[in-house]
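*Asks:* Supplied structure: final.cif, mmCIF, N, CA and C atoms.
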```
data_final
#
loop_
_atom_site.label_atom_id
_atom_site.label_comp_id
_atom_site.auth_asym_id
_atom_site.auth_seq_id
_atom_site.Cartn_x
_atom_site.Cartn_y
_atom_site.Cartn_z
N MET A 13 22.29 4.12 5.06
CA MET A 13 21.55 3.06 4.40
C MET A 13 22.38 1.78 4.52
N HIS A 14 21.74 0.73 4.97
CA HIS A 14 22.42 -0.54 5.18
C HIS A 14 21.71 -1.61 4.34
N LEU A 15 21.85 -1.48 3.02
CA LEU A 15 21.13 -2.39 2.12
C LEU A 15 21.56 -3.84 2.27
N ASP A 16 22.84 -4.05 2.58
CA ASP A 16 23.32 -5.42 2.75
C ASP A 16 22.65 -6.10 3.95
N GLU A 17 22.19 -5.31 4.90
CA GLU A 17 21.51 -5.84 6.08
C GLU A 17 20.00 -5.56 6.04
N GLN A 18 19.52 -4.95 4.97
CA GLN A 18 18.10 -4.68 4.70
C GLN A 18 17.43 -3.74 5.69
N TRP A 19 18.08 -2.61 5.97
CA TRP A 19 17.45 -1.62 6.82
C TRP A 19 18.02 -0.24 6.55
N PHE A 20 17.24 0.75 6.94
CA PHE A 20 17.73 2.13 6.92
C PHE A 20 17.31 2.80 8.22
N GLN A 21 17.92 3.92 8.50
CA GLN A 21 17.61 4.63 9.74
C GLN A 21 16.94 5.95 9.42
N VAL A 22 15.82 6.20 10.08
CA VAL A 22 15.18 7.50 10.01
C VAL A 22 15.94 8.38 10.99
N ARG A 23 16.58 9.42 10.48
CA ARG A 23 17.42 10.28 11.32
C ARG A 23 16.75 11.59 11.69
N LYS A 24 15.68 11.93 10.97
CA LYS A 24 15.00 13.19 11.21
C LYS A 24 13.50 12.90 11.18
N SER A 25 12.80 13.35 12.21
CA SER A 25 11.38 13.07 12.32
C SER A 25 10.69 14.15 13.13
N LYS A 26 9.34 14.21 12.99
CA LYS A 26 8.55 15.16 13.78
C LYS A 26 8.72 14.89 15.27
N THR A 27 8.81 13.61 15.63
CA THR A 27 8.90 13.23 17.04
C THR A 27 10.13 12.37 17.27
N GLU A 28 10.56 12.29 18.51
CA GLU A 28 11.72 11.47 18.87
C GLU A 28 11.49 10.00 18.57
N SER A 29 10.25 9.54 18.77
CA SER A 29 9.96 8.13 18.53
C SER A 29 10.01 7.78 17.04
N GLY A 30 9.94 8.79 16.18
CA GLY A 30 10.04 8.55 14.74
C GLY A 30 11.46 8.22 14.30
N ILE A 31 12.45 8.54 15.14
CA ILE A 31 13.85 8.20 14.86
C ILE A 31 13.98 6.72 15.16
N ARG A 32 14.21 5.93 14.11
CA ARG A 32 14.20 4.48 14.29
C ARG A 32 14.86 3.77 13.12
N ILE A 33 15.05 2.48 13.30
CA ILE A 33 15.52 1.60 12.23
C ILE A 33 14.29 1.04 11.52
N VAL A 34 14.31 1.08 10.21
CA VAL A 34 13.18 0.59 9.41
C VAL A 34 13.67 -0.58 8.55
N PRO A 35 13.06 -1.74 8.69
CA PRO A 35 13.46 -2.88 7.86
C PRO A 35 12.98 -2.71 6.43
N ILE A 36 13.71 -3.28 5.50
CA ILE A 36 13.34 -3.25 4.08
C ILE A 36 12.91 -4.66 3.69
N ALA A 37 11.69 -4.79 3.22
CA ALA A 37 11.15 -6.09 2.82
C ALA A 37 11.88 -6.64 1.60
N ASP A 38 11.97 -7.95 1.53
CA ASP A 38 12.64 -8.61 0.41
C ASP A 38 12.11 -8.13 -0.94
N LYS A 39 10.77 -7.98 -1.05
CA LYS A 39 10.19 -7.67 -2.35
C LYS A 39 10.46 -6.24 -2.81
N VAL A 40 10.83 -5.34 -1.91
CA VAL A 40 11.15 -3.97 -2.35
C VAL A 40 12.65 -3.66 -2.29
N LEU A 41 13.44 -4.59 -1.80
CA LEU A 41 14.88 -4.38 -1.72
C LEU A 41 15.49 -4.02 -3.08
N PRO A 42 15.11 -4.68 -4.18
CA PRO A 42 15.68 -4.28 -5.48
C PRO A 42 15.39 -2.82 -5.84
N LEU A 43 14.23 -2.31 -5.48
CA LEU A 43 13.90 -0.91 -5.76
C LEU A 43 14.80 0.04 -4.97
N TRP A 44 15.04 -0.30 -3.70
CA TRP A 44 15.94 0.50 -2.88
C TRP A 44 17.36 0.48 -3.44
N LYS A 45 17.82 -0.70 -3.85
CA LYS A 45 19.17 -0.81 -4.41
C LYS A 45 19.31 0.04 -5.67
N GLU A 46 18.31 -0.01 -6.52
CA GLU A 46 18.35 0.80 -7.76
C GLU A 46 18.37 2.29 -7.43
N ALA A 47 17.54 2.71 -6.47
CA ALA A 47 17.50 4.12 -6.10
C ALA A 47 18.85 4.59 -5.56
N ILE A 48 19.47 3.79 -4.71
CA ILE A 48 20.77 4.16 -4.16
C ILE A 48 21.84 4.16 -5.24
N ASN A 49 21.81 3.18 -6.13
CA ASN A 49 22.80 3.12 -7.20
C ASN A 49 22.69 4.32 -8.14
N ASN A 50 21.50 4.88 -8.28
CA ASN A 50 21.29 6.04 -9.16
C ASN A 50 21.46 7.37 -8.44
N SER A 51 21.67 7.32 -7.14
CA SER A 51 21.79 8.54 -6.34
C SER A 51 23.23 9.05 -6.34
N LYS A 52 23.36 10.36 -6.23
CA LYS A 52 24.69 10.97 -6.15
C LYS A 52 25.10 11.25 -4.70
N CYS A 53 24.25 10.85 -3.76
CA CYS A 53 24.56 11.08 -2.34
C CYS A 53 24.08 9.88 -1.53
N GLU A 54 24.00 10.01 -0.23
CA GLU A 54 23.63 8.90 0.64
C GLU A 54 22.13 8.63 0.70
N TYR A 55 21.32 9.46 0.06
CA TYR A 55 19.87 9.32 0.12
C TYR A 55 19.34 8.56 -1.09
N ALA A 56 18.30 7.77 -0.87
CA ALA A 56 17.70 6.99 -1.95
C ALA A 56 16.87 7.86 -2.88
N ILE A 57 16.17 8.81 -2.32
CA ILE A 57 15.31 9.70 -3.12
C ILE A 57 15.89 11.10 -3.01
N THR A 58 16.24 11.67 -4.16
CA THR A 58 16.94 12.95 -4.17
C THR A 58 16.25 13.94 -5.09
N ASN A 59 16.67 15.19 -4.98
CA ASN A 59 16.14 16.20 -5.89
C ASN A 59 16.87 16.10 -7.24
N VAL A 60 16.55 16.99 -8.16
CA VAL A 60 17.15 16.92 -9.50
C VAL A 60 18.65 17.12 -9.49
N ASN A 61 19.19 17.71 -8.42
CA ASN A 61 20.63 17.90 -8.29
C ASN A 61 21.31 16.74 -7.57
N GLY A 62 20.53 15.69 -7.25
CA GLY A 62 21.09 14.54 -6.56
C GLY A 62 21.34 14.78 -5.09
N GLU A 63 20.62 15.74 -4.50
CA GLU A 63 20.81 16.08 -3.10
C GLU A 63 19.57 15.72 -2.29
N PHE A 64 19.69 15.81 -0.96
CA PHE A 64 18.58 15.53 -0.06
C PHE A 64 17.30 16.22 -0.52
N MET A 65 16.19 15.48 -0.46
CA MET A 65 14.90 16.04 -0.82
C MET A 65 13.98 16.00 0.40
N GLY A 66 13.44 17.13 0.76
CA GLY A 66 12.52 17.21 1.89
C GLY A 66 11.16 16.61 1.56
N TYR A 67 10.35 16.47 2.59
CA TYR A 67 9.03 15.84 2.45
C TYR A 67 8.15 16.56 1.44
N ASP A 68 8.04 17.88 1.55
CA ASP A 68 7.16 18.62 0.65
C ASP A 68 7.58 18.46 -0.81
N ASN A 69 8.88 18.53 -1.06
CA ASN A 69 9.35 18.34 -2.44
C ASN A 69 9.11 16.92 -2.93
N PHE A 70 9.30 15.94 -2.04
CA PHE A 70 9.02 14.54 -2.41
C PHE A 70 7.56 14.38 -2.81
N ARG A 71 6.70 14.96 -1.98
CA ARG A 71 5.26 14.85 -2.25
C ARG A 71 4.92 15.48 -3.60
N LYS A 72 5.42 16.65 -3.86
CA LYS A 72 5.11 17.36 -5.11
C LYS A 72 5.72 16.67 -6.34
N ARG A 73 6.97 16.27 -6.22
CA ARG A 73 7.69 15.75 -7.38
C ARG A 73 7.37 14.29 -7.69
N TYR A 74 7.21 13.47 -6.65
CA TYR A 74 7.02 12.04 -6.87
C TYR A 74 5.63 11.54 -6.49
N TRP A 75 5.21 11.80 -5.27
CA TRP A 75 4.00 11.19 -4.75
C TRP A 75 2.74 11.61 -5.52
N THR A 76 2.53 12.92 -5.64
CA THR A 76 1.31 13.41 -6.30
C THR A 76 1.21 12.93 -7.75
N PRO A 77 2.27 13.04 -8.55
CA PRO A 77 2.17 12.51 -9.92
C PRO A 77 1.91 11.00 -9.96
N PHE A 78 2.50 10.27 -9.02
CA PHE A 78 2.29 8.82 -8.94
C PHE A 78 0.83 8.51 -8.65
N MET A 79 0.25 9.21 -7.69
CA MET A 79 -1.16 9.02 -7.35
C MET A 79 -2.06 9.40 -8.52
N GLN A 80 -1.71 10.46 -9.23
CA GLN A 80 -2.51 10.88 -10.39
C GLN A 80 -2.47 9.82 -11.49
N ARG A 81 -1.29 9.24 -11.74
CA ARG A 81 -1.18 8.19 -12.76
C ARG A 81 -2.02 6.98 -12.41
N LEU A 82 -2.13 6.69 -11.12
CA LEU A 82 -2.92 5.54 -10.66
C LEU A 82 -4.38 5.89 -10.41
N ASP A 83 -4.73 7.15 -10.60
CA ASP A 83 -6.07 7.66 -10.34
C ASP A 83 -6.49 7.35 -8.90
N LEU A 84 -5.56 7.62 -7.97
CA LEU A 84 -5.80 7.41 -6.54
C LEU A 84 -5.61 8.73 -5.80
N ASP A 85 -6.13 8.79 -4.60
CA ASP A 85 -6.03 10.00 -3.81
C ASP A 85 -5.65 9.63 -2.37
N TYR A 86 -4.39 9.27 -2.17
CA TYR A 86 -3.88 8.93 -0.85
C TYR A 86 -2.71 9.84 -0.51
N THR A 87 -2.52 10.06 0.79
CA THR A 87 -1.37 10.83 1.23
C THR A 87 -0.21 9.88 1.54
N VAL A 88 0.98 10.43 1.59
CA VAL A 88 2.15 9.64 1.96
C VAL A 88 1.94 9.05 3.35
N TYR A 89 1.38 9.85 4.24
CA TYR A 89 1.19 9.39 5.63
C TYR A 89 0.27 8.18 5.70
N GLU A 90 -0.68 8.07 4.79
CA GLU A 90 -1.60 6.93 4.81
C GLU A 90 -0.89 5.60 4.58
N THR A 91 0.29 5.63 4.01
CA THR A 91 1.04 4.39 3.83
C THR A 91 1.43 3.80 5.19
N ARG A 92 1.62 4.65 6.19
CA ARG A 92 1.91 4.16 7.55
C ARG A 92 0.70 3.42 8.11
N HIS A 93 -0.49 3.96 7.88
CA HIS A 93 -1.71 3.29 8.33
C HIS A 93 -1.85 1.93 7.66
N THR A 94 -1.59 1.91 6.37
CA THR A 94 -1.69 0.65 5.62
C THR A 94 -0.69 -0.37 6.14
N CYS A 95 0.54 0.06 6.32
CA CYS A 95 1.58 -0.85 6.84
C CYS A 95 1.17 -1.40 8.20
N ASN A 96 0.75 -0.54 9.09
CA ASN A 96 0.35 -0.97 10.42
C ASN A 96 -0.82 -1.96 10.34
N SER A 97 -1.82 -1.65 9.53
CA SER A 97 -2.98 -2.54 9.38
C SER A 97 -2.58 -3.90 8.82
N LEU A 98 -1.70 -3.89 7.82
CA LEU A 98 -1.26 -5.17 7.23
C LEU A 98 -0.46 -5.99 8.24
N LEU A 99 0.36 -5.34 9.04
CA LEU A 99 1.11 -6.06 10.08
C LEU A 99 0.17 -6.66 11.12
N ILE A 100 -0.86 -5.92 11.49
CA ILE A 100 -1.85 -6.45 12.44
C ILE A 100 -2.55 -7.66 11.83
N MET A 101 -2.99 -7.54 10.58
CA MET A 101 -3.70 -8.65 9.92
C MET A 101 -2.81 -9.87 9.72
N ALA A 102 -1.49 -9.65 9.66
CA ALA A 102 -0.54 -10.76 9.51
C ALA A 102 -0.14 -11.36 10.86
N ASP A 103 -0.81 -10.93 11.92
CA ASP A 103 -0.53 -11.39 13.28
C ASP A 103 0.91 -11.13 13.70
N CYS A 104 1.43 -10.00 13.29
CA CYS A 104 2.79 -9.60 13.69
C CYS A 104 2.81 -9.36 15.20
N ASN A 105 3.86 -9.77 15.84
CA ASN A 105 4.06 -9.53 17.26
C ASN A 105 3.88 -8.02 17.53
N PRO A 106 3.02 -7.66 18.49
CA PRO A 106 2.74 -6.23 18.74
C PRO A 106 3.98 -5.40 19.08
N THR A 107 4.92 -5.96 19.81
CA THR A 107 6.14 -5.23 20.17
C THR A 107 6.97 -4.95 18.93
N VAL A 108 7.09 -5.93 18.06
CA VAL A 108 7.85 -5.77 16.82
C VAL A 108 7.15 -4.75 15.93
N ARG A 109 5.84 -4.84 15.83
CA ARG A 109 5.06 -3.91 15.00
C ARG A 109 5.26 -2.48 15.49
N LYS A 110 5.20 -2.27 16.79
CA LYS A 110 5.40 -0.93 17.36
C LYS A 110 6.81 -0.42 17.05
N LYS A 111 7.78 -1.30 17.11
CA LYS A 111 9.16 -0.91 16.83
C LYS A 111 9.30 -0.47 15.37
N ILE A 112 8.70 -1.21 14.45
CA ILE A 112 8.74 -0.86 13.03
C ILE A 112 8.07 0.49 12.80
N MET A 113 6.93 0.69 13.43
CA MET A 113 6.14 1.89 13.21
C MET A 113 6.68 3.12 13.95
N GLY A 114 7.59 2.90 14.89
CA GLY A 114 8.10 4.01 15.67
C GLY A 114 7.13 4.46 16.73
N HIS A 115 6.37 3.52 17.28
CA HIS A 115 5.39 3.83 18.32
C HIS A 115 5.96 3.56 19.70
N LYS A 116 7.11 4.08 19.98
CA LYS A 116 7.76 3.83 21.26
C LYS A 116 6.90 4.29 22.43
N SER A 117 6.19 5.37 22.27
CA SER A 117 5.39 5.88 23.37
C SER A 117 4.23 4.95 23.72
N LYS A 118 3.87 4.07 22.83
CA LYS A 118 2.77 3.15 23.08
C LYS A 118 3.25 1.87 23.78
N MET A 119 4.53 1.68 23.90
CA MET A 119 5.06 0.47 24.53
C MET A 119 5.03 0.62 26.05
N ASP A 120 4.84 -0.50 26.72
CA ASP A 120 4.93 -0.42 28.17
C ASP A 120 6.40 -0.39 28.58
N LEU A 121 6.66 -0.17 29.85
CA LEU A 121 8.04 -0.01 30.32
C LEU A 121 8.92 -1.19 29.96
N GLY A 122 8.41 -2.41 30.13
CA GLY A 122 9.20 -3.60 29.83
C GLY A 122 9.59 -3.69 28.37
N GLU A 123 8.66 -3.36 27.50
CA GLU A 123 8.96 -3.38 26.06
C GLU A 123 9.95 -2.29 25.70
N ASN A 124 9.74 -1.11 26.26
CA ASN A 124 10.55 0.04 25.89
C ASN A 124 11.98 -0.07 26.41
N VAL A 125 12.15 -0.50 27.64
CA VAL A 125 13.47 -0.53 28.26
C VAL A 125 14.22 -1.83 27.99
N TYR A 126 13.50 -2.96 28.09
CA TYR A 126 14.17 -4.25 28.01
C TYR A 126 13.94 -5.00 26.71
N GLY A 127 13.12 -4.46 25.85
CA GLY A 127 12.71 -5.19 24.65
C GLY A 127 13.54 -4.90 23.42
N HIS A 128 14.86 -4.99 23.49
CA HIS A 128 15.70 -4.78 22.31
C HIS A 128 15.34 -5.81 21.24
N ILE A 129 15.01 -5.33 20.08
CA ILE A 129 14.59 -6.23 19.00
C ILE A 129 15.63 -6.14 17.89
N TYR A 130 16.14 -7.28 17.49
CA TYR A 130 17.16 -7.33 16.46
C TYR A 130 16.55 -7.14 15.08
N ILE A 131 17.36 -6.62 14.17
CA ILE A 131 16.91 -6.30 12.82
C ILE A 131 16.34 -7.53 12.10
N GLU A 132 16.88 -8.71 12.38
CA GLU A 132 16.36 -9.92 11.73
C GLU A 132 14.88 -10.12 12.02
N LYS A 133 14.46 -9.83 13.25
CA LYS A 133 13.04 -9.95 13.63
C LYS A 133 12.20 -8.90 12.92
N LEU A 134 12.76 -7.70 12.75
CA LEU A 134 12.03 -6.65 12.06
C LEU A 134 11.84 -7.01 10.58
N ILE A 135 12.88 -7.55 9.96
CA ILE A 135 12.80 -7.95 8.55
C ILE A 135 11.81 -9.11 8.40
N GLU A 136 11.89 -10.06 9.29
CA GLU A 136 10.96 -11.19 9.29
C GLU A 136 9.51 -10.69 9.35
N ALA A 137 9.27 -9.71 10.21
CA ALA A 137 7.92 -9.14 10.37
C ALA A 137 7.48 -8.39 9.12
N ILE A 138 8.32 -7.55 8.57
CA ILE A 138 7.93 -6.75 7.40
C ILE A 138 7.69 -7.65 6.19
N ASN A 139 8.37 -8.79 6.16
CA ASN A 139 8.15 -9.73 5.06
C ASN A 139 6.82 -10.50 5.18
N LEU A 140 6.12 -10.32 6.29
CA LEU A 140 4.79 -10.93 6.44
C LEU A 140 3.76 -10.26 5.53
N ILE A 141 4.04 -9.03 5.13
CA ILE A 141 3.05 -8.31 4.31
C ILE A 141 3.46 -8.20 2.86
#
```
Can I see the file as structure tokens?
*Replies:*
Amino acid sequence: MHLDEQWFQVRKSKTESGIRIVPIADKVLPLWKEAINNSKCEYAITNVNGEFMGYDNFRKRYWTPFMQRLDLDYTVYETRHTCNSLLIMADCNPTVRKKIMGHKSKMDLGENVYGHIYIEKLIEAINLI
């Protein structure tokens, strides 16, 4: 977690393209800082023992109760759709948007091989939404 630089790295994913740097928007940075400060390990969201929490446990312990309190019925995965849609509506550069979303397979050769995008551009883009 690199809170001072406003990003974290996805180290484990279903696909290789899911392994990526994810920018943290200014408006949610305080929430991330609080989560890390309250954690007993390197992860922001942990189990009751302060250890790594897998997706299924996160969904059961945090996501489902949160959705129930809000009387909503969305999956965690749908947040990716929302983020992508909001970035599109904010006229985010398509290459930057793909990088944020981990859509490496959708990039053309020039974007994928030569299109190194710095974290500042990713943060700038995520702050559009």
*Asks:* Using the chain letters and numbering of this document, enumerate as number ranges by chain the residues selected by the PyMOL selection byres (((chain A and resi 26-29 and name CA) around 6) and name CA).
*Replies:* A: 25, 30-31, 114, 116
*Asks:* Could you save the residues just selected, with N, CA and C atoms, as a JSON list (two decimals), in the frame of the given file?
*Replies:*
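In the end it all went to out10.json:
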```json
[["chain", "number", "residue", "atom", "x", "y", "z"],
["A", 25, "SER", "N", 12.80, 13.35, 12.21],
["A", 25, "SER", "CA", 11.38, 13.07, 12.32],
["A", 25, "SER", "C", 10.69, 14.15, 13.13],
["A", 30, "GLY", "N", 9.94, 8.79, 16.18],
["A", 30, "GLY", "CA", 10.04, 8.55, 14.74],
["A", 30, "GLY", "C", 11.46, 8.22, 14.30],
["A", 31, "ILE", "N", 12.45, 8.54, 15.14],
["A", 31, "ILE", "CA", 13.85, 8.20, 14.86],
["A", 31, "ILE", "C", 13.98, 6.72, 15.16],
["A", 114, "GLY", "N", 7.59, 2.90, 14.89],
["A", 114, "GLY", "CA", 8.10, 4.01, 15.67],
["A", 114, "GLY", "C", 7.13, 4.46, 16.73],
["A", 116, "LYS", "N", 7.11, 4.08, 19.98],
["A", 116, "LYS", "CA", 7.76, 3.83, 21.26],
["A", 116, "LYS", "C", 6.90, 4.29, 22.43]]
```
*Asks:* If you count only N, CA and C atoms, which residues fall within 8 Å of segment 55-72 of chain A, apart from same-chain ones fewer than 5 positions away, as a ChimeraX atom specification?
*Replies:* /A:13,44-50,77-78,88
*Asks:* Okay, now the selection with N, CA and C atoms, as a PDB file, in the coordinates of the input?
*Replies:*
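Printed below is result-v6.pdb as written:
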```
ATOM      1  N   MET A  13      22.290   4.120   5.060  1.00  0.00           N
ATOM      2  CA  MET A  13      21.550   3.060   4.400  1.00  0.00           C
ATOM      3  C   MET A  13      22.380   1.780   4.520  1.00  0.00           C
ATOM      4  N   TRP A  44      15.040  -0.300  -3.700  1.00  0.00           N
ATOM      5  CA  TRP A  44      15.940   0.500  -2.880  1.00  0.00           C
ATOM      6  C   TRP A  44      17.360   0.480  -3.440  1.00  0.00           C
ATOM      7  N   LYS A  45      17.820  -0.700  -3.850  1.00  0.00           N
ATOM      8  CA  LYS A  45      19.170  -0.810  -4.410  1.00  0.00           C
ATOM      9  C   LYS A  45      19.310   0.040  -5.670  1.00  0.00           C
ATOM     10  N   GLU A  46      18.310  -0.010  -6.520  1.00  0.00           N
ATOM     11  CA  GLU A  46      18.350   0.800  -7.760  1.00  0.00           C
ATOM     12  C   GLU A  46      18.370   2.290  -7.430  1.00  0.00           C
ATOM     13  N   ALA A  47      17.540   2.710  -6.470  1.00  0.00           N
ATOM     14  CA  ALA A  47      17.500   4.120  -6.100  1.00  0.00           C
ATOM     15  C   ALA A  47      18.850   4.590  -5.560  1.00  0.00           C
ATOM     16  N   ILE A  48      19.470   3.790  -4.710  1.00  0.00           N
ATOM     17  CA  ILE A  48      20.770   4.160  -4.160  1.00  0.00           C
ATOM     18  C   ILE A  48      21.840   4.160  -5.240  1.00  0.00           C
ATOM     19  N   ASN A  49      21.810   3.180  -6.130  1.00  0.00           N
ATOM     20  CA  ASN A  49      22.800   3.120  -7.200  1.00  0.00           C
ATOM     21  C   ASN A  49      22.690   4.320  -8.140  1.00  0.00           C
ATOM     22  N   ASN A  50      21.500   4.880  -8.280  1.00  0.00           N
ATOM     23  CA  ASN A  50      21.290   6.040  -9.160  1.00  0.00           C
ATOM     24  C   ASN A  50      21.460   7.370  -8.440  1.00  0.00           C
ATOM     25  N   PRO A  77       2.270  13.040  -8.550  1.00  0.00           N
ATOM     26  CA  PRO A  77       2.170  12.510  -9.920  1.00  0.00           C
ATOM     27  C   PRO A  77       1.910  11.000  -9.960  1.00  0.00           C
ATOM     28  N   PHE A  78       2.500  10.270  -9.020  1.00  0.00           N
ATOM     29  CA  PHE A  78       2.290   8.820  -8.940  1.00  0.00           C
ATOM     30  C   PHE A  78       0.830   8.510  -8.650  1.00  0.00           C
ATOM     31  N   VAL A  88       0.980  10.430   1.590  1.00  0.00           N
ATOM     32  CA  VAL A  88       2.150   9.640   1.960  1.00  0.00           C
ATOM     33  C   VAL A  88       1.940   9.050   3.350  1.00  0.00           C
TER      34      VAL A  88
END
```
*Asks:* Considering only strand (DSSP E or B) as DSSP defines it on the backbone, what residues of chain A qualify? List them as a PyMOL selection string.
*Replies:* chain A and resi 14+19-22+32-35+58+64
*Asks:* Those same residues - N, CA and C atoms - I'd like them written as a CSV table (one decimal), keeping the file's coordinate frame.
*Replies:*
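Result saved to again_25.csv:
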```csv
chain,number,residue,atom,x,y,z
A,14,HIS,N,21.7,0.7,5.0
A,14,HIS,CA,22.4,-0.5,5.2
A,14,HIS,C,21.7,-1.6,4.3
A,19,TRP,N,18.1,-2.6,6.0
A,19,TRP,CA,17.4,-1.6,6.8
A,19,TRP,C,18.0,-0.2,6.6
A,20,PHE,N,17.2,0.8,6.9
A,20,PHE,CA,17.7,2.1,6.9
A,20,PHE,C,17.3,2.8,8.2
A,21,GLN,N,17.9,3.9,8.5
A,21,GLN,CA,17.6,4.6,9.7
A,21,GLN,C,16.9,6.0,9.4
A,22,VAL,N,15.8,6.2,10.1
A,22,VAL,CA,15.2,7.5,10.0
A,22,VAL,C,15.9,8.4,11.0
A,32,ARG,N,14.2,5.9,14.1
A,32,ARG,CA,14.2,4.5,14.3
A,32,ARG,C,14.9,3.8,13.1
A,33,ILE,N,15.0,2.5,13.3
A,33,ILE,CA,15.5,1.6,12.2
A,33,ILE,C,14.3,1.0,11.5
A,34,VAL,N,14.3,1.1,10.2
A,34,VAL,CA,13.2,0.6,9.4
A,34,VAL,C,13.7,-0.6,8.6
A,35,PRO,N,13.1,-1.7,8.7
A,35,PRO,CA,13.5,-2.9,7.9
A,35,PRO,C,13.0,-2.7,6.4
A,58,THR,N,16.2,11.7,-4.2
A,58,THR,CA,16.9,13.0,-4.2
A,58,THR,C,16.2,13.9,-5.1
A,64,PHE,N,19.7,15.8,-1.0
A,64,PHE,CA,18.6,15.5,-0.1
A,64,PHE,C,17.3,16.2,-0.5
```
*Asks:* Just give me the gap between atom N of His115 of chain A and atom N of Glu132 of chain A in Å, one decimal is fine.
*Replies:*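 Distance between the two atoms: 16.9 Å.
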*Asks:* Ile33 of chain A: which residues within 6 Å, counting all atoms listed in the file, same-chain residues fewer than 4 positions away excluded, as a list in words?
*Replies:*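 Final neighbour list, sorted by chain and number: Phe20, Gln21 and Val22 of chain A.
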*Asks:* Could you go through chain A and tell me which residues DSSP, when run on the backbone, assigns to helix (DSSP H, G or I), listing them as a ChimeraX atom specification?
*Replies:* /A:15-17,28-30,38-49,67-81,90-101,106-113,116-118,121-126,131-138
*Asks:* What does the distance from atom CA of Asn139 of chain A to atom CA of Pro35 of chain A come to in Å, to one decimal?
*Replies:*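 Computed distance, atom CA of Asn139 of chain A to atom CA of Pro35 of chain A, equals 9.1 Å.
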*Asks:* In Å, rounded to a single decimal, give me how far atom CA of Leu82 of chain A is from atom CA of Leu99 of chain A.
*Replies:*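 Value for the atom CA of Leu99 of chain A-atom CA of Leu82 of chain A distance: 24.1 Å.
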*Asks:* Contacts of Ile36 of chain A at 8 Å or less, counting only N, CA and C atoms, minus same-chain residues fewer than 5 places along, as a PyMOL selection string?
*Replies:* chain A and resi 17-20+41+134-136+138-139
*Asks:* So, with all atoms listed in the file as the atoms that count, which of A:Ala37, A:Leu140, A:Ile112, A:Leu15 lies closest to Leu98 of chain A?
*Replies:* A:Leu140
